[in-house]
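Take a look at the structure set out below.
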Amino acid sequence: MHYSKVLDRIVEPKIIIPEERKRFSNRDLFKLLVPILIEQILTTLVGMVDTLMISYAGQAAISGVSLVNQLAHTFIFVFSATAAGGAVVVSQYLGRGDSQSSSKAASQFVSMMFLLGLVITTVCITLRHEILNALFGSVEPDVMEAAVVYLVITAASWPFLGLYSCSTALYRSMARTKRIAKVSLVMNIINVVGNFIGIFILHWGVVGVAVPTLVARFVAALIMYPPLFRAGNPIVLKVKEIFAFRWSIQRKIYGIALPGAVESFLFNISKVSITSIVSTFGTVQIAANGVASNFWSMCSLCCLCMGYAFVTVIGQCMGAGDVEASEYYFKKMIRLTYVLSWLWNIVIFSSAPLLVRLYALPQETKALAVMAICLHNFGYCLVGPIHSSLPNGLRACGDVKFVTFAAIFSTCVCRYLFSLLFGVVLGFGLIGVVMAMICDWSIKAILVWLRYRTGKWRSMKVI
């Protein structure tokens, strides 16, 4: 039996709509999803390779890098959330068939993302000591020294990461994702080769993994944009529009992007605060957390990719005013997310114990990392598709305020309190923090699912 028919039996909802209103066939969905998945795997591997190779420079170095990566992920997710907001506006214009407005919105989006990256970089480099001492002041001096060096160098890459995030969002809005995967491969090759040279040949330690990350992000941003300026695309960037300021367009983008960016910022700041709790557990647990967090990122990739797909698919359907098609794709893509997430995590479950052995760390650290990975990934498989992917579909409809509230409440309140309870009060350490994560996801998933079931998203407008 053809894979498409098997897939239909599993994920096809009971809602019946005419074939001509199915804007995305199974083949179209996979053409959209596969390059996104490849790109996200390769992007995640940048962090994993950094952590793996820096482990050969000692536990202090890997601890410093892992602490900064927690902070860096705060801003990386801010870029992603802001990019998703811009993609909603652009996708709805494309769904309406208004290529002129989509191109203007995209051009404004580019300048907005670069300025955002520039501001974050300036603040983090200028206040590097104050930020790191406030978050991780209790760590050992050699860990703090490694963290400062890694932060300064990688922070310089964030304006380029902002541009890269913007370009990937625009390609996804057009459902043209092959270039994203190709550029991500180039970025990873630069990073891996650079890490090898920096660690094993030049013996630069933390600098040896930070500099290749900066170079890789710069090159990726540089080569993503030329095709977006060429005529004939659904989106055509124009230099004049990039440097213009059009409040009517900016307001639409900020209306969707700002709540998501604030949510993402608070979400990740709470994660950093929780990492500061982990930092009190000692170097072994910090190092285990650094290793496990890379596998946690891998665990969430399918849900993350489906979240991007929700923005493109639901955004275009709502932009065209087809609410029934939107509901059809909501249900189909939720089911598809569960299927892909479980299949993907079976691979992660099977490979994690073997891959953790590659790290040059004590056996105690490796065993703790494997335990944290398995518990985290099992919990995420249960509620991740509702917790991570469905909210992007609601955002694509314009329902951003409730989603933001649900995320802030579940993460900033529930996760932090449960981390203190399980990790500190009950003495479970890193495992207690993972238990708190699962509680957080479950609460948010319940809130988001109930919101979706109310159907209020049906009547919301973005453009």
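In the structure tokens, the first chain shown is A, the next is B, and so on; residue numbers restart at 1 for each chain, and ligands run from 1 in the order shown.
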
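When the distance limit is 12 Å and only C-alpha atoms are what count, the residues near A:Phe77, minus those fewer than 4 positions from it on the same chain, are Asn69, Gln70, Leu71, Ala72, His73, Ala81, Thr82, Ala83, Ala84, Gly117, Trp158, Leu161, Gly162, Ser165, Ala257, Gly260, Ala261, Val262, Glu263, Ser264, Phe265, Leu266, Phe267, Asn268, Ile269, Lys271, Ser297 and Leu304 of chain A.
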
With only C-alpha atoms as the counted atoms, please give the residues lying no more than 7 Å from stretch 414-426 of chain A, apart from itself and same-chain residues fewer than 4 positions off, as an MDAnalysis selection string. chainID A and resid 270 274 409:410 430 432:433 436:437 439:440

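Excluding A:Ser459 itself and same-chain residues fewer than 2 positions from it, the residues having an atom within 12 Å of it are A:Met318, A:Gly321, A:Asp322, A:Val323, A:Glu324, A:Ser326, A:Leu394, A:Cys397, A:Gly398, A:Asp399, A:Thr454, A:Gly455, A:Lys456, A:Trp457, A:Lys461, A:Val462, counting only C-alpha atoms.
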
List the neighbours of A:Ile253 out to 7 Å using only C-alpha atoms; skip same-chain residues closer than 2 positions along the sequence, and give me the result as a list of chain:residue names.
-> A:Gly85, A:Gly86, A:Val89, A:Ile249, A:Gln250, A:Arg251, A:Gly255, A:Ile256, A:Ala257

How close does stretch 141-248 of chain A get to stretch 282-291 of chain A? List, as a tab-separated table, each residue of stretch 141-248 of chain A within 12 Å, its nearest atom pair and the distance in Å to one decimal, counting only C-alpha atoms.
residue	atom	partner	partner_atom	distance
A:Pro141	CA	A:Thr283	CA	11.9
A:Asp142	CA	A:Thr283	CA	11.2
A:Val143	CA	A:Thr283	CA	9.0
A:Met144	CA	A:Thr283	CA	11.9

Selection from above, C-alpha atoms, as a PDB file, in the first residue's frame, can you write it?
ATOM      1  CA  PRO A 141      35.741  30.723  38.987  1.00  0.00           C
ATOM      2  CA  ASP A 142      37.054  28.603  36.080  1.00  0.00           C
ATOM      3  CA  VAL A 143      33.469  27.866  34.972  1.00  0.00           C
ATOM      4  CA  MET A 144      32.613  31.591  35.078  1.00  0.00           C
TER       5      MET A 144
END
